[in-house]
Structures are given as C-alpha cells and as structure tokens.
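Here's the structure, in structure tokens; my notes come after.
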Amino acid sequence: MHFDPVANLQLLVSGLAFGSIYALVALGFVLIYNAVGVVNFAQGEFVMFPSYIAVTFLLPATTVFGTIVHWQLPIVGVYLLVLVLMVGFGLLFNRIAYHPLRDRGWMPVVISTIGVSIFLRNAAQLIWGSQPIVMPSLFAVDTISIGPLHISPQDLLIIGVTAVLIAFQFFLFERTTLGKQMRATAQDRATARLVGVRVGRIVAITFVYSALLGTISGLLVAPLFTVTKEMGALIALKAFAASIVGGFGSIPGAIIGGLAIGVIETFGGFYISSAYVDAIAFIILISVLLVRPQGLFGERVAEKA
Amino acid sequence: MTRYPSRRIAIALLIVVLAVLPAFVHSDYLLSLVDTAGIYAIVVMGLGILLGFAGQLSLAQAAFLGIGAYTSGWLTTNLGWPAWPSMGVAMALSALVGFVVGYPCLRLSGHYLALATIGFGIITQLVLINWKSVTNGSDGMGNIPAPQIGSFVFDTYGRYYYVVLVAVIACAYVGWRIKTTRVGRALEAIRENEIAARATGIDATRYKIIAFVLAGTYAGLAGSLLAHMTKFISPDSYSFDQSVVFLVMLIVGGSASISGAILGAVLLWFLPEVLRPLKTSYIMVYGAAVIAMIIFMPRGLVGVFETLRSRFARRGAA
C-alpha cells in the first residue's frame with residue numbers, strides 16, 4: 001500500500017474526533033476518581049442517557065413508553081434542557097449511589113455504580129424501546145472539502161468543543177477558587193476540610209461536572225453512531241483505558257491518553273484489522289500496564305487507593 | 001469445623017436435601033435454572049477465592065467461562081472426544097491461560113488489575129467472534145454431547161443436576177480447604193497488607209498467581225459444564241457484562257466466604273425469575289435491588305444470616 005497523505009490526514013482528523021470523545025469521558029472518570037477514590041462504572045450511562053433525552057426533543061416524532069410523541073423543540077432549547085436535567089441527575093447520583101457508601105471503601109461504591117448502570121440501561125430500553133435512534137446532525141452536509149481533504153464537519157465540531165472544554169478545565173483548576181477547592185479535595189480530603197473546604201459539596205459538584213462532560217460527549221458523538229442503550233458502555237471502557245494509559249489520576253494524562261487511543265484505533269482499524277478494532281485500545285492498555293504501570297504521566301505508584 | 005459438630009450435621013442434611021431435590025421439581029424449566037445456578041455458583045466461588053480471600057479483583061471470569069466452554073465444544077464436536085476428558089482439558093487450559101495472563105497482570109492491583117482483566121475479557125470475546133475457523137464466529141457451536149457413564153447419559157436437566165451437584169460440592173470443599181489451610185492464611189495476609197505479608201516471608205506473587213489460576217480453573221470447569229448442558233454455545237454469553245454479574249453475585253452474597261459465593265450466585269440468579277411478573281421493567285428493578293442490597297447489607301447475605309443467627313442464639317440462651 002503506497003502512502004497517501006490525504007487519506008492519512010483524513011484518518012487523523014477522524015481519529016482525533018474519536019479521541020476527543022474518549023478524552024472528555026476519561027476526564028470525567030479522573031475527576032471522580034480524584035475526588036472520591038472510586039472508578040465510576042456508570043460513566044458510560046452519563047453519555048447514553050442524555051443522548052436519549054436529547055433525541056426525544058430533537059426529532060419531530062419519537063416513541064416514549066410505546067406511544068408516539070411530538071415534542072420537537074428548538075435545538076438550543078433542547079441542549080439547555082438536557083444540561084439542566086443532567087445537573088439534577090449528577091446530584092441524584094451522588095446522593096443515591098455514592099453518599100450512603102462513602103465510608104465503606106471502594107468496592108461497595110463500584111458495585112453500586114454498576115447497579116446504576118444496569119438500572120439506567122434498562123430504564124432506557126423501557127422508555128425508548130430497543131430500536132436504535134438516529135440523532136439529527138447539526139450540519140446539512142456529511143463532508144466538507146478543504147482543498148483535497150474531505151472532512152466531516154461533525155468531527156471538526158467535536159475537536160473544537162473538546163478544545164474549548166479543555167481550556168475551560170485548566171482555567172477552572174488554575175484560576176478559580178472552586179477549582180482550587182476541587183484540587184484540594186482530591187489531594188487530601190481531611191486537610192481540605194480543615195482549611196474550610198466543604199468537601200461534601202465539592203464532591204457533589206464533581207459528580208455534576210462529570211455528568212455534564214458525559215452529556216456533552218454524548219450530544220457530540222451520537223450523530224456519528226446511533227443512540228442505543230449500549231452506546232456508552234464501550235466508549236466508557238475505552239475512556240477508562242485511555243485514562244490509565246495516560247496515567248490514572250492525571251488530567252493531562254486523561255486528555256492525551258484519550259486522543260492517542262482514538263488516533264491509534266482509527267489507524268489500526270484502517271491498516272491492520274477492522275474486525276479487531278475494539279481490541280486495539282485494550283492491547284495498548286495491557287502493553288502500557290506491563291511496561292509502565294504508572295502510565296505516561298502517572299505517579300510512581302501502582303495503586304494509590 | 002471440628003469445633004462445630006452441629007455444623008457438620010447441618011452440611012450433611014443440606015447435601016441429602018440437595019440430593020433428593022430433583023424428585024420434587026417437575027418443571028424442566030425450573031430444573032434448567034437450578035442447574036445453571038449451580039454452575040454460576042462455581043464461577044463465583046472461583047472469584048471468591050481471588051477477591052474474597054486474596055483481595056484481587058478480576059473482571060475476566062466470563063472470558064474463562066468462554067475458554068472452558070469452547071475447549072469442550074471444540075474437542076467434542078471437531079475431534080469427537082467424549083465429554084469427561086474434554087472437561088478435564090477445559091479446566092487445564094483455563095488454568096494455563098490463568099497462569100499466562102495472571103503472571104504479568106498480578107504486578108498490578110486494585111483498579112489497575114480490574115482494568116487489565118477487563119481488557120483481557122474483551123479481547124477474548126473478540127477472538128471468539130472473529131476466529132471463525134475454530135469458533136464458528138457469531139453462529140456459535142452446536143451439537144455438543146452430554147456426558148455419560150456407561151450407557152447412562154446425563155441428557156436431561158434432572159440427570160445433569162447430579163453432575164453439577166458433584167462439581168459444586170467438590171469446588172466448595174476445595175475452597176473451604178484452601179481457606180482453612182496455609183494457602184488461605186497466606187492469601188488473607190496478602191489481602192490485609194501485602195507489604196507486611198511479604199515481610200513475614202510470604203511469597204505474595206506466587207500465592208496471588210495460585211488464586212488467579214484457581215479462579216480461572218473454576219470458571220473453565222463451569223464453562224465446560226454449561227456447554228455440555230445447553231449443547232450450544234455462542235460468543236455473546238461471555239461478555240464483560242457477564243463478568244460484572246458474577247462480581248455482583250459475589251459481593252451481594254458476601255465475598256470472604258464460600259457459602260457467601262454460593263448464596264449470592266443462587267439468589268441473584270433467581271431474583272430476575274422472581275421479578276419476571278414485572279415484565280419489561282424487571283432488569284431495571286434488579287439494578288435498583290443491587291444498589292439497595294449493597295447499601296443495606298454491608299457484609300452481604302452471609303452477614304445478614306450471621307446477625308440473625310446470633311440474635312436467635314442469644315434468645316435461646318435467655
């Protein structure tokens with residue numbers, strides 16, 4: 001196969017777009033892990049559930065509980081509505097799945113997030129049925145041409161929004177009191193509490209923020225696939241892999257790990273094997289774990305929790 | 001065990017009750033559920049040795065179940081082997097894979113080990129789907145024969161029940177022996193504090209690998225038993241979600257004991273059946289029930305039983 005710069009550039013853009021989604025979801029994982037020391041196994045449902053809510057109000061007609069409804073709203077209104085609902089969702093998640101178990105170590109919380117995941121996936125099936133739903137794209141065309149390149153505008157939107165969110169993330173953590181309180185809580189809860197940080201509130205905010213990151217990834221990625229109850233699961237597992245490849249607990253690690261996995265996976269799927277494309281993330285993961293368990297940007301500890 | 005002669009009697013009674021159970025269950029469907037519950041109990045006991053005894057979390061139990069099932073399926077349908085030796089090879093191969101995977105992975109712990117095993121599980125399932133010349137891909141493998149002794153074929157759920165029962169008892173016995181002997185104490189020391197365990201001269205790596213290999217072997221045996229019972233296997237049964245179900249069974253049952261593993265497997269396997277009148281919402285309720293159980297039963301079902309028993313004993317003494 002001869003080297004085709006145009007095709008490779010197109011693959012790169014597409015890989016960066018997928019990588020951006022992994023990076024946003026990985027960021028959600030890492031923020032929760034840093035705040036409460038637990039991996040949230042319902043992170044994929046933070047992507048899936050808001051996507052369903054969004055299509056319900058974006059399409060002229062959707063089926064809810066077996067009856068056809070016509071709830072179409074203007075697109076900006078829908079996005080705002082979904083974000084507001086997911087703030088409530090994040091608070092509720094903290095209250096039910098984390099708060100009662102906060103003093104019992106990490107395993108019970110992991111199990112309860114698994115319970116939430118089972119609950120939400122099947123709630124989605126109950127409400128919206130098992131047929132995949134297509135989310136309408138914001139754009140009228142599938143590809144735009146830039147010189148010889150044919151690029152999906154949705155990919156560019158994903159990369160752009162992710163860049164803005166990452167910039168916001170650094171602004172939040174470096175420049176605002178809230179961000180500093182979040183970092184303090186992640187580093188040492190007891191000391192953070194001693195200096196007046198209201199740790200419980202910061203944890204709740206972290207869950208909400210993480211849910212919103214999932215929501216935005218869902219709204220961005222859904223037009224590329226379809227909305228199904230399984231859509232979040234594999235994204236979340238790969239994002240989890242990405243956060244470990246980058247170095248678990250490290251925010252730049254999660255972002256770079258996510259982008260790297262997206263790009264390598266896209267090239268691997270094209271040049272090596274499309275049947276095993278979903279294995280690529282985990283092969284990278286296991287290789288990194290064996291060679292450099294702390295990840296690319298991680299601390300030199302194999303497990304801090 | 002010698003301190004509790006009543007406990008021995010209770011176990012003997014339980015075995016007798018279990019031995020005559022099929023005589024009272026006439027529904028084939030119910031018997032198939034009972035058989036599957038027993039098989040899942042074996043997988044969960046294996047996970048219990050790894051997580052409950054040694055404190056190492058694996059989410060690859062479904063992959064080992066698949067390796068066991070496909071080894072049995074391939075040997076019997078492609079090479080025409082009888083069922084029993086296929087089961088033996090299925091266990092041996094699962095043990096070998098457990099060793100090969102466990103050796104590098106057990107340098108990791110906690111969330112990292114969990115994720116490495118998730119990765120192994122997903123890769124295994126992709127291989128089962130895509131290695132069509134051996135596994136027949138998504139179409140699955142059919143016509144897997146039932147085991148037989150002489151001319152007696154274990155081809156009904158009622159008959160197969162005894163194969164499963166013997167396997168469950170054997171696995172439970174091995175599990176109990178492990179817990180009460182040197183290996184179990186070493187694993188417990190590693191679970192509580194690996195650095196301290198190493199300082200007292202316990203070869204932690206070796207014992208963790210033993211636990212990982214045992215967990216794989218249990219799951220491999222269970223997979224083989226499942227293949228010879230259902231006669232048909234396909235890759236979608238060996239998913240990450242299935243591994244998660246095994247983990248939930250163990251935690252809900254009570255992870256640090258063999259009886260907890262069995263209780264959790266049986267209860268959570270039958271819970272959806274009990275909830276089935278709720279029709280489409282039953283798995284949703286199942287998810288909610290898992291959250292409620294983890295919040296309100298900190299030590300699992302075993303913990304609930306122990307609390308009840310001590311209350312009962314106190315009342316008896318007064």
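Residue names in the structure tokens use chain letters A, B, ... in the order shown, residue numbers from 1 in each chain, and ligand numbers from 1 in the order shown.
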Test item: residues at most 8 Å from range 59-61 of chain B, only C-alpha atoms, excluding those fewer than 3 positions along its chain, as a count of residues only: 18
Selection: 12 Å around Pro298 in chain B, only C-alpha atoms, excl. self and same-chain fewer than 2 positions, as a count of residues only: 28
Length of the CA of Ser151 in chain B to CA of Thr76 in chain B vector [Å]: 17.6 Å
Closest of A:Gly115, A:Gly295, A:Gly37, A:Pro50 to chain B - atom-to-atom distances counting only C-alpha atoms: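 Using only C-alpha atoms, chain B sits closest to A:Gly115.
For Tyr33 in chain A, the non-local neighbours within 10 Å, defined as residues at least 5 positions apart in the same chain or in other chains and counting only C-alpha atoms, are Leu27, Gly28, Val38, Val39, Asn40, Ala186, Thr206, Phe248, Gly249 and Ala305 of chain A.
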Using N, CA and C atoms, can you write the selected residues to a file as a compact mmCIF listing (two decimals), in the first residue's frame?
# COMPACT_ATOMS: atom_id res chain seq x y z
N LEU A 27 -11.77 12.29 31.27
CA LEU A 27 -11.68 13.40 32.21
C LEU A 27 -12.73 13.24 33.31
N GLY A 28 -13.94 12.85 32.91
CA GLY A 28 -15.00 12.59 33.88
C GLY A 28 -14.60 11.51 34.88
N VAL A 38 -12.77 6.38 43.61
CA VAL A 38 -13.54 5.26 43.08
C VAL A 38 -13.72 5.42 41.57
N VAL A 39 -13.65 4.28 40.86
CA VAL A 39 -13.95 4.31 39.43
C VAL A 39 -15.46 4.18 39.25
N ASN A 40 -16.03 5.10 38.50
CA ASN A 40 -17.48 5.12 38.30
C ASN A 40 -17.85 4.27 37.09
N ALA A 186 -9.23 16.59 46.15
CA ALA A 186 -8.63 15.42 45.53
C ALA A 186 -7.33 15.04 46.21
N THR A 206 -18.40 17.77 41.78
CA THR A 206 -17.58 16.94 40.90
C THR A 206 -18.45 15.95 40.12
N PHE A 248 -3.27 7.19 35.62
CA PHE A 248 -4.55 7.39 36.26
C PHE A 248 -4.46 8.48 37.31
N GLY A 249 -5.45 9.35 37.31
CA GLY A 249 -5.46 10.46 38.24
C GLY A 249 -4.86 11.73 37.64
N ALA A 305 -5.19 4.00 45.78
CA ALA A 305 -6.39 3.86 46.61
C ALA A 305 -6.30 2.63 47.51
Among the residues B:Pro85, B:Gly140, B:Gly287, B:Gly48, the one that comes closest to chain A [using only C-alpha atoms]: B:Gly287
Would you give me, as JSON lines, each residue of chain A having an atom within 6 Å of an atom of chain B, along with its shortest atom pair and that distance in Å to one decimal, using only C-alpha atoms and sorting by chain and residue number?
{"residue": "A:Ser112", "atom": "CA", "partner": "B:Ile291", "partner_atom": "CA", "distance": 4.8}
{"residue": "A:Gly115", "atom": "CA", "partner": "B:Gly287", "partner_atom": "CA", "distance": 4.5}
{"residue": "A:Ile118", "atom": "CA", "partner": "B:Gly287", "partner_atom": "CA", "distance": 5.1}
{"residue": "A:Phe119", "atom": "CA", "partner": "B:Met284", "partner_atom": "CA", "distance": 4.4}
{"residue": "A:Asn122", "atom": "CA", "partner": "B:Met284", "partner_atom": "CA", "distance": 5.2}
{"residue": "A:Ala123", "atom": "CA", "partner": "B:Met284", "partner_atom": "CA", "distance": 5.9}
{"residue": "A:Ala279", "atom": "CA", "partner": "B:Ile123", "partner_atom": "CA", "distance": 5.4}
{"residue": "A:Phe282", "atom": "CA", "partner": "B:Gly119", "partner_atom": "CA", "distance": 4.8}
{"residue": "A:Ile286", "atom": "CA", "partner": "B:Ala116", "partner_atom": "CA", "distance": 5.9}
Ser14 in chain A surroundings by only C-alpha atoms, 9 Å radius, close-in-sequence under 3 positions cut, as a list in words: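 My list of contacting residues is Leu9, Gln10, Leu11, Ala17, Phe18, Gly19, Ile151, Ser152, Asp155, Leu156, Gly262, Val263 and Thr266 of chain A.
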Write the selection just made, keeping C-alpha atoms, as a PDB file, in the first residue's frame?
ATOM      1  CA  LEU A   9      -4.777  13.246   7.166  1.00  0.00           C
ATOM      2  CA  GLN A  10      -8.464  12.367   6.953  1.00  0.00           C
ATOM      3  CA  LEU A  11      -7.872   9.390   9.235  1.00  0.00           C
ATOM      4  CA  ALA A  17     -12.507  13.347  16.894  1.00  0.00           C
ATOM      5  CA  PHE A  18     -12.991   9.907  18.484  1.00  0.00           C
ATOM      6  CA  GLY A  19     -10.035  10.605  20.726  1.00  0.00           C
ATOM      7  CA  ILE A 151     -13.676  16.118   6.318  1.00  0.00           C
ATOM      8  CA  SER A 152     -16.811  15.616   8.396  1.00  0.00           C
ATOM      9  CA  ASP A 155     -15.577  15.717  13.540  1.00  0.00           C
ATOM     10  CA  LEU A 156     -14.380  19.312  13.448  1.00  0.00           C
ATOM     11  CA  GLY A 262      -8.619   7.499  19.303  1.00  0.00           C
ATOM     12  CA  VAL A 263      -5.909   8.090  16.705  1.00  0.00           C
ATOM     13  CA  THR A 266      -8.606   4.689  13.794  1.00  0.00           C
TER      14      THR A 266
END
Selected residue, from A:Ala23, A:Ala239, A:Leu83, A:Ile256, that lies nearest to Ala281 in chain A when counting only C-alpha atoms: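 Using only C-alpha atoms, Ala281 in chain A sits closest to A:Ala239.
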Thr77 in chain B environment, 8 Å, only C-alpha atoms, sequence neighbours closer than 5 positions dropped, as an MDAnalysis selection string: chainID B and resid 143:145
Restricting the output to C-alpha atoms, write the selected residues as a short mmCIF file (atom, residue, chain, number, x, y, z; two decimals), in the first residue's frame.
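Below is the file out-v5.cif, written as the result:
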data_model
loop_
_atom_site.label_atom_id
_atom_site.label_comp_id
_atom_site.auth_asym_id
_atom_site.auth_seq_id
_atom_site.Cartn_x
_atom_site.Cartn_y
_atom_site.Cartn_z
CA ASN B 143 -24.50 -30.43 19.00
CA ILE B 144 -22.16 -30.60 21.97
CA PRO B 145 -22.78 -34.04 23.52
#
Sel. of strand (DSSP E or B) residues, range 112-245 of chain A, as a list of chain:residue names: A:Ile133, A:Ile144, A:Ser145, A:Ile146, A:Leu149, A:His150, A:Ile151, A:Val227
Same residues, N, CA and C atoms, output as a PDB file, in the first residue's frame:
ATOM      1  N   ILE A 133     -31.902   4.821  17.578  1.00  0.00           N
ATOM      2  CA  ILE A 133     -32.487   6.072  17.109  1.00  0.00           C
ATOM      3  C   ILE A 133     -31.374   6.929  16.505  1.00  0.00           C
ATOM      4  N   ILE A 144     -17.212  18.232   4.252  1.00  0.00           N
ATOM      5  CA  ILE A 144     -16.870  19.472   3.578  1.00  0.00           C
ATOM      6  C   ILE A 144     -15.478  19.291   2.977  1.00  0.00           C
ATOM      7  N   SER A 145     -15.202  20.039   1.905  1.00  0.00           N
ATOM      8  CA  SER A 145     -13.902  19.898   1.246  1.00  0.00           C
ATOM      9  C   SER A 145     -13.013  21.069   1.615  1.00  0.00           C
ATOM     10  N   ILE A 146     -11.813  20.720   2.096  1.00  0.00           N
ATOM     11  CA  ILE A 146     -10.792  21.741   2.327  1.00  0.00           C
ATOM     12  C   ILE A 146      -9.632  21.346   1.421  1.00  0.00           C
ATOM     13  N   LEU A 149      -8.923  17.588   0.861  1.00  0.00           N
ATOM     14  CA  LEU A 149      -9.421  16.822   2.003  1.00  0.00           C
ATOM     15  C   LEU A 149     -10.940  16.816   2.052  1.00  0.00           C
ATOM     16  N   HIS A 150     -11.511  15.663   2.386  1.00  0.00           N
ATOM     17  CA  HIS A 150     -12.950  15.603   2.663  1.00  0.00           C
ATOM     18  C   HIS A 150     -13.109  15.299   4.139  1.00  0.00           C
ATOM     19  N   ILE A 151     -13.642  16.253   4.865  1.00  0.00           N
ATOM     20  CA  ILE A 151     -13.676  16.118   6.318  1.00  0.00           C
ATOM     21  C   ILE A 151     -15.098  16.310   6.815  1.00  0.00           C
ATOM     22  N   VAL A 227     -28.244   6.289  18.655  1.00  0.00           N
ATOM     23  CA  VAL A 227     -28.469   6.264  20.095  1.00  0.00           C
ATOM     24  C   VAL A 227     -29.033   4.894  20.467  1.00  0.00           C
TER      25      VAL A 227
END
DSSP helix (DSSP H, G or I) residues within range 16-101 of chain A, as an MDAnalysis selection string: chainID A and resid 16:36 43:58 75:101
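Within the 6 Å cut-off around Ser224 in chain B, using only C-alpha atoms and omitting residues fewer than 6 positions from it on the same chain, the listed residues are Gly68, Ala69, Ser72 and Met87 of chain B.
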Distance in Å - CA of Leu120 in chain A versus CA of Val161 in chain A: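 Atom-to-atom, CA of Leu120 in chain A to CA of Val161 in chain A, that is 26.5 Å.
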